[in-house]
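Here's target-v1.txt, which has compact mmCIF, C-alpha atoms (C1' of nucleotides):
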```
# COMPACT_ATOMS: atom_id res chain seq x y z
CA MET A 64 38.59 -30.52 -6.20
CA GLY A 65 36.76 -27.39 -5.15
CA ARG A 66 36.38 -25.72 -1.81
CA PRO A 67 34.77 -28.02 0.74
CA ARG A 68 31.58 -27.12 2.54
CA THR A 69 31.88 -25.73 6.01
CA PHE A 70 28.40 -26.69 7.15
CA ASP A 71 26.57 -29.92 7.80
CA GLU A 72 23.62 -30.21 5.46
CA ASP A 73 21.43 -32.02 7.97
CA GLN A 74 22.05 -29.39 10.61
CA VAL A 75 21.07 -26.66 8.16
CA VAL A 76 17.86 -28.47 7.26
CA GLU A 77 17.10 -28.87 10.93
CA ALA A 78 17.66 -25.19 11.62
CA ALA A 79 15.49 -24.27 8.65
CA ARG A 80 12.79 -26.58 9.96
CA ARG A 81 12.82 -24.86 13.32
CA GLN A 82 12.41 -21.50 11.63
CA PHE A 83 9.62 -22.61 9.27
CA TRP A 84 7.95 -24.34 12.19
CA GLU A 85 7.92 -21.16 14.19
CA THR A 86 6.82 -18.65 11.57
CA GLY A 87 5.42 -20.68 8.69
CA TYR A 88 6.37 -20.55 5.04
CA HIS A 89 5.17 -17.12 4.00
CA GLY A 90 6.02 -15.75 7.42
CA THR A 91 9.66 -16.75 7.07
CA SER A 92 12.00 -14.66 4.96
CA VAL A 93 15.18 -15.89 3.37
CA GLY A 94 16.96 -13.49 5.69
CA ASP A 95 15.39 -15.31 8.64
CA LEU A 96 16.63 -18.60 7.22
CA ALA A 97 20.12 -17.23 6.75
CA ARG A 98 20.19 -16.07 10.35
CA ALA A 99 18.75 -19.35 11.66
CA THR A 100 21.16 -21.52 9.72
CA GLY A 101 24.21 -19.28 10.00
CA LEU A 102 24.71 -19.41 6.24
CA GLY A 103 24.80 -16.50 3.84
CA LYS A 104 21.93 -16.14 1.42
CA GLY A 105 24.13 -17.13 -1.48
CA SER A 106 25.17 -20.34 0.25
CA LEU A 107 21.57 -21.28 0.88
CA TYR A 108 20.71 -20.80 -2.75
CA GLY A 109 23.79 -22.66 -3.87
CA ALA A 110 23.11 -25.66 -1.67
CA PHE A 111 19.32 -25.95 -1.73
CA GLY A 112 17.99 -24.02 -4.69
CA ASP A 113 15.42 -21.48 -3.65
CA LYS A 114 13.18 -20.98 -0.63
CA HIS A 115 10.47 -23.24 -1.92
CA GLN A 116 12.82 -26.12 -2.63
CA LEU A 117 14.32 -25.79 0.82
CA PHE A 118 10.87 -25.95 2.34
CA LEU A 119 10.03 -29.08 0.38
CA ARG A 120 13.30 -30.63 1.52
CA VAL A 121 12.46 -29.84 5.13
CA LEU A 122 8.92 -31.12 4.74
CA ASP A 123 10.05 -34.30 3.07
CA GLU A 124 12.47 -35.17 5.85
CA TYR A 125 9.87 -34.39 8.48
CA CYS A 126 7.29 -36.59 6.76
CA ALA A 127 9.76 -39.41 6.37
CA GLY A 128 10.50 -39.26 10.08
CA ALA A 129 6.83 -39.21 11.01
CA GLU A 130 6.18 -42.19 8.75
CA ARG A 131 9.08 -44.09 10.23
CA GLY A 132 7.81 -43.42 13.75
CA VAL A 133 4.37 -44.84 13.07
CA VAL A 134 5.45 -47.73 10.90
CA ALA A 135 7.74 -48.78 13.75
CA LEU A 136 4.63 -49.18 15.90
CA VAL A 137 3.47 -52.06 13.73
CA ASP A 138 6.32 -54.24 14.92
CA GLY A 139 5.52 -55.97 18.18
CA PRO A 140 3.32 -58.55 19.84
CA GLU A 141 -0.21 -58.60 18.48
CA ASP A 142 -1.83 -58.53 21.90
CA GLU A 143 -0.11 -55.19 22.58
CA ALA A 144 -0.98 -53.58 19.25
CA LEU A 145 -3.86 -51.60 20.70
CA ASP A 146 -1.64 -50.45 23.53
CA ARG A 147 0.94 -49.23 21.05
CA ALA A 148 -1.72 -47.21 19.26
CA HIS A 149 -2.80 -45.90 22.65
CA GLN A 150 0.73 -44.81 23.46
CA TRP A 151 0.98 -43.04 20.13
CA LEU A 152 -2.16 -41.05 20.91
CA LEU A 153 -0.94 -40.27 24.41
CA ARG A 154 2.35 -39.00 23.07
CA THR A 155 0.46 -36.62 20.80
CA ALA A 156 -1.88 -35.53 23.56
CA ARG A 157 1.01 -34.70 25.85
CA SER A 158 3.38 -33.06 23.42
CA SER A 159 1.26 -31.08 21.06
CA THR A 160 0.70 -28.22 23.44
CA THR A 161 4.04 -26.75 22.49
CA ARG A 162 4.28 -26.03 18.81
CA GLY A 163 2.09 -28.56 17.09
CA CYS A 164 2.99 -30.79 14.18
CA PHE A 165 5.09 -29.36 11.39
CA LEU A 166 3.19 -31.32 8.79
CA ALA A 167 -0.14 -30.04 10.07
CA LYS A 168 1.10 -26.48 9.97
CA GLY A 169 2.55 -26.81 6.50
CA THR A 170 -0.53 -28.53 5.17
CA ALA A 171 -2.86 -25.96 6.63
CA GLU A 172 -0.92 -23.06 5.20
CA LEU A 173 0.00 -24.41 1.79
CA SER A 174 -1.82 -27.53 0.66
CA ARG A 175 -4.54 -25.47 -0.96
CA THR A 176 -2.17 -23.51 -3.16
CA ASP A 177 0.89 -25.74 -3.42
CA PRO A 178 0.35 -29.09 -5.15
CA GLU A 179 3.77 -30.43 -4.18
CA VAL A 180 3.07 -29.85 -0.51
CA ALA A 181 -0.40 -31.32 -0.86
CA GLU A 182 0.90 -34.46 -2.49
CA ARG A 183 3.63 -35.05 0.07
CA ALA A 184 1.14 -34.58 2.89
CA ALA A 185 -1.40 -36.91 1.32
CA THR A 186 1.23 -39.60 0.98
CA THR A 187 2.16 -39.31 4.64
CA PHE A 188 -1.44 -39.41 5.81
CA GLY A 189 -1.94 -42.50 3.70
CA VAL A 190 1.03 -44.18 5.34
CA LEU A 191 -0.31 -43.28 8.78
CA VAL A 192 -3.69 -44.77 7.97
CA ASP A 193 -2.14 -47.93 6.57
CA ALA A 194 0.03 -48.42 9.63
CA CYS A 195 -2.87 -47.89 12.01
CA THR A 196 -5.01 -50.23 9.95
CA ALA A 197 -2.33 -52.88 10.40
CA LEU A 198 -2.37 -52.21 14.13
CA VAL A 199 -6.12 -52.70 14.23
CA GLU A 200 -5.84 -55.97 12.33
CA GLN A 201 -3.32 -57.18 14.89
CA ALA A 202 -5.62 -56.18 17.72
CA GLN A 203 -8.49 -57.99 16.03
CA ARG A 204 -6.44 -61.18 15.78
CA ALA A 205 -5.55 -60.78 19.43
CA GLY A 206 -9.23 -60.50 20.30
CA GLN A 207 -9.04 -56.96 21.62
CA VAL A 208 -11.04 -55.36 18.84
CA ASP A 209 -14.27 -56.64 17.32
CA ALA A 210 -13.18 -58.88 14.44
CA GLY A 211 -16.29 -57.91 12.52
CA ALA A 212 -15.32 -54.25 12.33
CA ASP A 213 -13.67 -52.77 9.28
CA ALA A 214 -9.98 -52.40 10.08
CA HIS A 215 -9.43 -49.58 7.63
CA THR A 216 -12.25 -47.59 9.17
CA LEU A 217 -10.86 -47.99 12.67
CA GLY A 218 -7.34 -47.26 11.43
CA THR A 219 -8.64 -44.06 9.91
CA LEU A 220 -10.37 -43.27 13.19
CA ILE A 221 -7.12 -43.63 15.11
CA VAL A 222 -5.34 -41.24 12.76
CA THR A 223 -8.33 -38.90 12.94
CA THR A 224 -8.07 -38.89 16.71
CA GLN A 225 -4.36 -38.26 16.56
CA ARG A 226 -4.80 -35.31 14.19
CA GLY A 227 -7.60 -33.94 16.35
CA LEU A 228 -5.50 -34.14 19.50
CA GLU A 229 -2.78 -32.29 17.67
CA ALA A 230 -5.13 -29.57 16.50
CA LEU A 231 -6.69 -29.04 19.92
CA GLY A 232 -3.32 -29.06 21.65
CA LYS A 233 -2.15 -26.35 19.31
CA GLY A 234 -5.45 -24.60 19.91
CA GLY A 235 -4.84 -24.31 23.61
CA LEU A 236 -6.80 -27.12 25.25
CA ASP A 237 -5.32 -28.46 28.47
CA THR A 238 -3.23 -31.62 28.37
CA ASP A 239 -5.34 -33.49 30.92
CA SER A 240 -8.49 -33.24 28.82
CA LEU A 241 -6.62 -34.42 25.75
CA VAL A 242 -5.11 -37.38 27.58
CA SER A 243 -8.55 -38.38 28.84
CA ALA A 244 -9.97 -38.08 25.35
CA ALA A 245 -7.18 -40.28 23.99
CA ASP A 246 -7.98 -42.88 26.64
CA ALA A 247 -11.66 -42.75 25.79
CA ALA A 248 -10.98 -43.10 22.07
CA VAL A 249 -9.09 -46.35 22.62
CA ALA A 250 -11.62 -47.58 25.16
CA GLY A 251 -14.36 -47.09 22.58
CA MET A 252 -12.85 -49.61 20.22
CA ARG A 253 -11.65 -52.18 22.76
CA ILE A 254 -13.77 -55.25 23.45
CA PRO A 255 -14.54 -55.33 27.21
CA GLN A 256 -12.48 -58.08 28.82
CA PRO A 257 -14.46 -60.73 30.74
CA ALA A 258 -13.87 -60.31 34.47
CA MET B 281 -23.25 14.43 7.68
CA GLY B 282 -20.46 13.15 5.49
CA ARG B 283 -20.39 11.01 2.40
CA PRO B 284 -22.09 7.63 2.93
CA ARG B 285 -20.35 4.35 2.27
CA THR B 286 -20.94 2.65 -1.02
CA PHE B 287 -20.11 -0.86 0.20
CA ASP B 288 -21.72 -3.30 2.57
CA GLU B 289 -19.36 -4.00 5.45
CA ASP B 290 -20.45 -7.62 5.81
CA GLN B 291 -19.88 -8.31 2.16
CA VAL B 292 -16.38 -6.86 2.40
CA VAL B 293 -15.58 -9.01 5.42
CA GLU B 294 -16.88 -12.02 3.56
CA ALA B 295 -14.73 -11.29 0.52
CA ALA B 296 -11.71 -10.76 2.74
CA ARG B 297 -12.44 -14.06 4.43
CA ARG B 298 -12.49 -15.87 1.11
CA GLN B 299 -9.13 -14.38 0.24
CA PHE B 300 -7.50 -15.13 3.61
CA TRP B 301 -9.01 -18.59 3.45
CA GLU B 302 -7.41 -19.25 0.11
CA THR B 303 -3.93 -17.84 0.65
CA GLY B 304 -3.53 -17.44 4.41
CA TYR B 305 -2.54 -14.36 6.34
CA HIS B 306 1.06 -13.87 5.30
CA GLY B 307 0.27 -15.15 1.83
CA THR B 308 -2.34 -12.44 1.28
CA SER B 309 -1.26 -8.91 0.40
CA VAL B 310 -3.30 -5.80 0.98
CA GLY B 311 -3.41 -5.50 -2.80
CA ASP B 312 -5.03 -8.93 -2.94
CA LEU B 313 -7.58 -7.79 -0.39
CA ALA B 314 -8.32 -4.63 -2.33
CA ARG B 315 -8.90 -6.66 -5.49
CA ALA B 316 -11.02 -9.26 -3.68
CA THR B 317 -13.21 -6.70 -1.97
CA GLY B 318 -13.35 -4.18 -4.78
CA LEU B 319 -12.30 -1.41 -2.40
CA GLY B 320 -9.31 0.88 -2.71
CA LYS B 321 -6.54 0.44 -0.21
CA GLY B 322 -7.39 3.73 1.44
CA SER B 323 -10.99 2.66 1.96
CA LEU B 324 -9.90 -0.61 3.54
CA TYR B 325 -7.66 1.20 5.96
CA GLY B 326 -10.29 3.79 6.70
CA ALA B 327 -12.96 1.21 7.44
CA PHE B 328 -11.05 -1.60 9.12
CA GLY B 329 -7.72 -0.27 10.34
CA ASP B 330 -4.82 -2.30 9.05
CA LYS B 331 -4.40 -5.78 7.63
CA HIS B 332 -4.08 -7.42 11.03
CA GLN B 333 -7.22 -5.83 12.41
CA LEU B 334 -9.14 -6.88 9.33
CA PHE B 335 -7.96 -10.45 9.80
CA LEU B 336 -9.04 -10.44 13.42
CA ARG B 337 -12.43 -9.10 12.38
CA VAL B 338 -12.79 -11.88 9.82
CA LEU B 339 -11.63 -14.49 12.31
CA ASP B 340 -13.96 -13.25 15.00
CA GLU B 341 -17.01 -13.43 12.77
CA TYR B 342 -16.03 -16.88 11.58
CA CYS B 343 -15.56 -18.11 15.15
CA ALA B 344 -18.85 -16.61 16.24
CA GLY B 345 -20.60 -18.44 13.42
CA ALA B 346 -18.91 -21.73 14.24
CA GLU B 347 -19.85 -21.35 17.89
CA ARG B 348 -23.46 -20.57 17.00
CA GLY B 349 -23.64 -23.63 14.78
CA VAL B 350 -22.54 -26.01 17.50
CA VAL B 351 -24.39 -24.39 20.35
CA ALA B 352 -27.53 -24.76 18.26
CA LEU B 353 -27.00 -28.51 18.33
CA VAL B 354 -27.62 -28.54 22.07
CA ASP B 355 -31.27 -27.66 21.57
CA GLY B 356 -33.39 -30.69 20.84
CA PRO B 357 -34.76 -33.91 22.29
CA GLU B 358 -32.33 -35.65 24.60
CA ASP B 359 -32.73 -39.04 22.95
CA GLU B 360 -31.48 -37.51 19.68
CA ALA B 361 -28.50 -35.70 21.17
CA LEU B 362 -26.02 -38.35 20.08
CA ASP B 363 -27.50 -38.30 16.61
CA ARG B 364 -27.04 -34.55 16.43
CA ALA B 365 -23.38 -34.95 17.36
CA HIS B 366 -23.15 -37.64 14.71
CA GLN B 367 -24.61 -35.35 12.10
CA TRP B 368 -22.12 -32.67 13.05
CA LEU B 369 -19.24 -35.06 12.48
CA LEU B 370 -20.70 -36.26 9.19
CA ARG B 371 -21.04 -32.71 7.99
CA THR B 372 -17.36 -32.15 8.68
CA ALA B 373 -16.35 -35.44 7.07
CA ARG B 374 -18.24 -34.60 3.91
CA SER B 375 -17.40 -30.94 3.49
CA SER B 376 -13.85 -30.53 4.63
CA THR B 377 -12.31 -31.94 1.50
CA THR B 378 -12.69 -28.58 -0.19
CA ARG B 379 -10.82 -25.91 1.64
CA GLY B 380 -10.82 -26.93 5.28
CA CYS B 381 -11.83 -24.85 8.26
CA PHE B 382 -10.83 -21.23 8.34
CA LEU B 383 -10.22 -21.35 12.06
CA ALA B 384 -7.94 -24.37 11.70
CA LYS B 385 -5.96 -22.66 9.00
CA GLY B 386 -5.65 -19.42 10.91
CA THR B 387 -4.71 -21.19 14.11
CA ALA B 388 -2.09 -23.32 12.41
CA GLU B 389 -0.46 -20.37 10.74
CA LEU B 390 -0.63 -17.78 13.48
CA SER B 391 -1.51 -19.04 16.94
CA ARG B 392 2.14 -19.60 17.76
CA THR B 393 3.16 -16.02 17.03
CA ASP B 394 -0.06 -14.05 17.39
CA PRO B 395 -1.57 -14.01 20.91
CA GLU B 396 -4.80 -12.39 19.77
CA VAL B 397 -5.44 -15.15 17.26
CA ALA B 398 -4.48 -17.79 19.80
CA GLU B 399 -6.87 -16.41 22.37
CA ARG B 400 -9.81 -16.19 20.00
CA ALA B 401 -9.19 -19.73 18.83
CA ALA B 402 -8.90 -21.07 22.36
CA THR B 403 -12.21 -19.46 23.27
CA THR B 404 -13.92 -21.07 20.33
CA PHE B 405 -12.48 -24.51 21.05
CA GLY B 406 -13.67 -24.15 24.63
CA VAL B 407 -17.17 -23.36 23.45
CA LEU B 408 -17.13 -26.38 21.15
CA VAL B 409 -16.06 -28.65 23.99
CA ASP B 410 -18.68 -27.24 26.32
CA ALA B 411 -21.44 -27.72 23.77
CA CYS B 412 -20.39 -31.28 23.01
CA THR B 413 -20.15 -31.99 26.72
CA ALA B 414 -23.74 -30.86 27.06
CA LEU B 415 -24.71 -33.14 24.20
CA VAL B 416 -23.05 -36.07 25.93
CA GLU B 417 -24.88 -35.30 29.16
CA GLN B 418 -28.15 -35.35 27.27
CA ALA B 419 -27.27 -38.66 25.67
CA GLN B 420 -26.39 -40.05 29.09
CA ARG B 421 -29.75 -39.03 30.51
CA ALA B 422 -31.39 -40.65 27.48
CA GLY B 423 -29.51 -43.87 28.20
CA GLN B 424 -27.51 -43.87 24.96
CA VAL B 425 -24.14 -43.22 26.56
CA ASP B 426 -22.71 -44.88 29.66
CA ALA B 427 -23.85 -42.67 32.55
CA GLY B 428 -20.68 -43.52 34.43
CA ALA B 429 -18.42 -41.96 31.81
CA ASP B 430 -17.02 -38.47 32.20
CA ALA B 431 -19.09 -36.21 29.98
CA HIS B 432 -16.34 -33.64 29.57
CA THR B 433 -13.94 -36.31 28.37
CA LEU B 434 -16.37 -37.61 25.78
CA GLY B 435 -17.27 -34.07 24.75
CA THR B 436 -13.60 -33.40 24.20
CA LEU B 437 -13.34 -36.61 22.22
CA ILE B 438 -16.15 -35.52 19.92
CA VAL B 439 -14.43 -32.22 19.22
CA THR B 440 -11.15 -34.06 18.78
CA THR B 441 -12.76 -36.29 16.20
CA GLN B 442 -14.27 -33.32 14.42
CA ARG B 443 -10.92 -31.53 14.25
CA GLY B 444 -9.23 -34.69 13.07
CA LEU B 445 -11.74 -35.21 10.29
CA GLU B 446 -11.17 -31.66 9.22
CA ALA B 447 -7.40 -32.09 9.17
CA LEU B 448 -7.51 -35.33 7.20
CA GLY B 449 -10.04 -33.98 4.75
CA LYS B 450 -7.78 -31.05 4.08
CA GLY B 451 -4.92 -33.50 3.85
CA GLY B 452 -6.49 -35.37 0.99
CA LEU B 453 -8.16 -38.44 2.50
CA ASP B 454 -11.21 -39.68 0.66
CA THR B 455 -14.65 -38.73 1.94
CA ASP B 456 -15.88 -42.30 2.31
CA SER B 457 -13.14 -43.23 4.77
CA LEU B 458 -13.83 -40.12 6.80
CA VAL B 459 -17.55 -40.79 6.91
CA SER B 460 -16.90 -44.34 8.09
CA ALA B 461 -14.53 -43.07 10.74
CA ALA B 462 -17.16 -40.60 11.95
CA ASP B 463 -19.68 -43.42 12.19
CA ALA B 464 -17.22 -45.56 14.13
CA ALA B 465 -16.40 -42.74 16.53
CA VAL B 466 -20.04 -42.37 17.51
CA ALA B 467 -20.56 -46.12 17.61
CA GLY B 468 -17.70 -46.38 20.08
CA MET B 469 -19.46 -44.28 22.67
CA ARG B 470 -23.00 -45.52 22.17
CA ILE B 471 -24.39 -48.18 24.51
CA PRO B 472 -25.51 -51.16 22.41
CA GLN B 473 -29.31 -51.21 22.29
CA PRO B 474 -31.02 -54.40 23.49
CA ALA B 475 -32.48 -56.27 20.53
C1' DA C 292 -25.79 27.37 -2.86
C1' DC C 293 -22.58 26.67 0.34
C1' DC C 294 -19.98 24.18 4.19
C1' DG C 295 -18.20 20.69 7.23
C1' DA C 296 -17.56 15.94 7.26
C1' DT C 297 -16.79 11.62 5.53
C1' DA C 298 -15.64 8.22 1.67
C1' DT C 299 -13.03 7.12 -2.43
C1' DG C 300 -9.21 5.38 -5.03
C1' DG C 301 -4.85 5.53 -6.48
C1' DA C 302 -0.25 7.77 -6.29
C1' DA C 303 3.67 7.86 -3.32
C1' DC C 304 6.76 6.29 0.50
C1' DG C 305 10.09 3.69 2.81
C1' DC C 306 11.07 -0.82 3.56
C1' DT C 307 11.72 -5.74 2.94
C1' DC C 308 11.22 -9.42 -0.05
C1' DG C 309 13.38 -13.38 -2.99
C1' DT C 310 16.98 -13.78 -5.99
C1' DT C 311 21.39 -12.92 -8.43
C1' DC C 312 26.11 -11.81 -8.86
C1' DA C 313 30.92 -10.42 -8.30
C1' DT C 314 34.56 -11.39 -5.56
C1' DA C 315 37.34 -13.75 -2.10
C1' DA C 316 38.63 -18.13 0.16
C1' DC C 317 39.90 -22.69 -0.13
C1' DG C 318 41.72 -27.64 -1.36
C1' DG C 319 43.35 -30.85 -4.58
C1' DA C 320 45.90 -31.75 -9.20
C1' DC C 321 49.73 -31.07 -11.92
C1' DG D 182 53.61 -23.04 -6.84
C1' DT D 183 50.13 -22.18 -9.79
C1' DC D 184 45.99 -23.32 -11.65
C1' DC D 185 41.06 -24.89 -11.43
C1' DG D 186 36.70 -25.94 -9.72
C1' DT D 187 33.88 -25.36 -5.92
C1' DT D 188 32.05 -22.79 -1.91
C1' DA D 189 31.19 -18.48 0.97
C1' DT D 190 29.72 -13.94 1.56
C1' DG D 191 27.10 -9.94 1.48
C1' DA D 192 26.24 -6.07 -1.56
C1' DA D 193 23.05 -5.04 -5.21
C1' DC D 194 18.61 -5.38 -7.82
C1' DG D 195 13.96 -5.01 -9.16
C1' DA D 196 9.61 -6.16 -7.51
C1' DG D 197 6.22 -6.04 -4.18
C1' DC D 198 5.04 -5.18 0.55
C1' DG D 199 2.05 -2.51 4.25
C1' DT D 200 0.89 1.95 5.05
C1' DT D 201 0.03 6.96 4.44
C1' DC D 202 -1.58 10.81 2.07
C1' DC D 203 -4.19 13.71 -0.88
C1' DA D 204 -7.12 15.47 -4.45
C1' DT D 205 -11.69 14.57 -5.52
C1' DA D 206 -16.53 13.14 -4.83
C1' DT D 207 -20.64 13.07 -2.27
C1' DC D 208 -23.56 13.45 1.36
C1' DG D 209 -26.53 16.24 5.45
C1' DG D 210 -27.33 20.57 7.50
C1' DT D 211 -27.91 25.61 6.99
```

Kindly transcribe the structure held in the file into structure tokens.
Amino acid sequence: MGRPRTFDEDQVVEAARRQFWETGYHGTSVGDLARATGLGKGSLYGAFGDKHQLFLRVLDEYCAGAERGVVALVDGPEDEALDRAHQWLLRTARSSTTRGCFLAKGTAELSRTDPEVAERAATTFGVLVDACTALVEQAQRAGQVDAGADAHTLGTLIVTTQRGLEALGKGGLDTDSLVSAADAAVAGMRIPQPA
Amino acid sequence: MGRPRTFDEDQVVEAARRQFWETGYHGTSVGDLARATGLGKGSLYGAFGDKHQLFLRVLDEYCAGAERGVVALVDGPEDEALDRAHQWLLRTARSSTTRGCFLAKGTAELSRTDPEVAERAATTFGVLVDACTALVEQAQRAGQVDAGADAHTLGTLIVTTQRGLEALGKGGLDTDSLVSAADAAVAGMRIPQPA
DNA sequence: ACCGATATGGAACGCTCGTTCATAACGGAC
DNA sequence: GTCCGTTATGAACGAGCGTTCCATATCGGT
């Protein structure tokens, strides 16, 4: 029944993401998207609605992936929880020099004028904070973080650091400085081990 | 000789900044700018060149102001240097929920495709890091920060935290969490005072 | 009072935008 | 083999874009 599609939907979303990532929402034309995905304009509209809906689709999948990546950090031995958070920060410090985070770019450009984007972003940031809070609680139980500290505050601080590393990487700071800063951020919340 | 201008150039730049701030570069049309500034399109082009030049002018003045604000923090008693950094972070945590930082928005949208924007942003971030590094050095001499730590690393960490607070504020996190995170960030680098 | 020079504001230009639509291509059902 | 429902394509459309241009206004200098 009906002519079958000749494209893979996930591949198209991925190509659209690359394009939006490079040139932003308003900086990307539907013609650009057609070229990037290999589809005709009509096909794009038929499959995804309009430009805005396609962007939301791309954003949603990106956010879901980012959430999955951080939530996965929560699983693991409690005495390595702080190390897992550390690794997460280091990954950001090392990788963000290229193109930055898609969510950060989308939020910066649109969250002020686009409620749907703002809401999706807020949800993701909330998930990040919750996951990092859980990591801090693990580290507290393992005796690596002061048990008297507020876990939610320190979880927020970890996400704050991660977002800051991303912003500065995109802004042109050198990787070495960012890696050192990530190390220092974790060191600042770790209880010194008795020698 | 010649008809004098009827507008104040600084006021026009300020109005343009508000508009770019709200809707971004690609999301702002020259018609929007004409309406926001009250000038005709011809006057805008006559006074500022084209849209891109006007944006760079706006960005440059914003960056200069941001640099001045942080460099001013360096002046003051050494034993209050860490407190001044703290206040800077608190200011960001409390204010960024509204519209975010213009530099962050401009960098996110354009730094990848616009070398002039990228360069101006990188310069500003460098100035921020240098100023915060100086603050850390003061705090080290005052005995409030471990003198063995690398001042540049901790200076970078302060700027990282500031950028992160900005990003999360724009992303919808509540002010109280951000303020707590700012407190915790400073607490993490302060040497505990003997009771 | 006149002139050269600059500012003003909006009409006009060519182009690109996001979106729609007509038509062709295709695969299963009968 | 002939429909039928779906997909694919790019031409077509009106609106809006960034930019230019020009007729008019307004100044300082003579």

Check your understanding: DG197 of chain D: which residues within 10 Å, counting all atoms listed in the file, same-chain residues fewer than 2 positions away excluded, as a PyMOL selection string?
Key -> (chain B and resi 309+311) or (chain C and resi 307-308) or (chain D and resi 195)

Per residue of chain A within 6 Å of chain B, record the nearest atom pair and its distance in Å to one decimal, counting only C-alpha atoms, with rows in chain order and ascending residue number, as a Markdown table.
```
| residue | atom | partner | partner_atom | distance |
| --- | --- | --- | --- | --- |
| A:His89 | CA | B:His306 | CA | 5.4 |
| A:Gly90 | CA | B:His306 | CA | 5.7 |
| A:Lys168 | CA | B:Ala388 | CA | 5.1 |
| A:Ala171 | CA | B:Lys385 | CA | 5.1 |
| A:Ala185 | CA | B:Gly452 | CA | 5.3 |
| A:Thr216 | CA | B:Ala461 | CA | 5.3 |
| A:Leu220 | CA | B:Ala461 | CA | 4.8 |
| A:Thr223 | CA | B:Gly444 | CA | 4.3 |
| A:Thr224 | CA | B:Thr441 | CA | 5.4 |
| A:Arg226 | CA | B:Gly444 | CA | 4.6 |
| A:Gly227 | CA | B:Gly444 | CA | 3.7 |
| A:Leu228 | CA | B:Thr440 | CA | 5.7 |
| A:Gly234 | CA | B:Ala402 | CA | 5.5 |
| A:Gly235 | CA | B:Ala402 | CA | 5.3 |
| A:Ser243 | CA | B:Thr433 | CA | 5.8 |
| A:Ala244 | CA | B:Leu437 | CA | 4.8 |
| A:Gly251 | CA | B:Gly468 | CA | 4.2 |
| A:Met252 | CA | B:Gly468 | CA | 5.8 |
```

Excluding DA316 of chain C and residues on its chain fewer than 2 positions from it, collect all residues at most 9 Å away from it, counting only C-alpha atoms (C1' of nucleotides), and give them as a CSV table (one decimal) with C-alpha atoms (C1' of nucleotides), in the frame of the given file.
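Printed below is out-v6.csv as written:
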```csv
chain,number,residue,atom,x,y,z
A,66,ARG,CA,36.4,-25.7,-1.8
D,188,DT,C1',32.0,-22.8,-1.9
D,189,DA,C1',31.2,-18.5,1.0
```

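Residue list for chain C within 7 Å of chain A: DC317, DG318 and DG319 of chain C, counting only C-alpha atoms (C1' of nucleotides).
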
Exercise for review: May I ask which of the residues B:Ala344, B:Leu324, B:Val351, B:Leu369 is the closest one to chain D, counting all atoms listed in the file?
Suggested key: B:Leu324

Exercise for review: Tell me the residues of chain D close to chain B, meaning within 10 Å using all atoms listed in the file, as an NGL selection string.
Suggested key: :D and (197-202 or 206-210)

Review point. Suppose you want the space between atom CA of Pro255 of chain A and atom CA of Ala214 of chain A; what is it in Å?
Key: 18.0 Å

Study note, to complete from the structure: Counting all atoms listed in the file, closest pick from D:DT211, D:DC194, D:DC203, D:DC184 relative to DT310 of chain C is D:DC194

Practice item. Using only C-alpha atoms (C1' of nucleotides), determine which residues lie at most 10 Å from Asp146 of chain A, disregarding the query and same-chain residues fewer than 5 positions distant; provide the list as a PyMOL selection string. Key: chain A and resi 136+141+151-152+198+202+249

Review point. Any idea what the distance is between atom CA of Arg297 of chain B and atom CA of Asp340 of chain B?
Key: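 Going from atom CA of Arg297 of chain B over to atom CA of Asp340 of chain B, I get 10.7 Å.
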
Point to revise | Interatomic distance, atom CA of Asp209 of chain A to atom CA of Leu370 of chain B (Å, one decimal) | key: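 So the two atoms, atom CA of Asp209 of chain A and atom CA of Leu370 of chain B, lie 22.9 Å apart.
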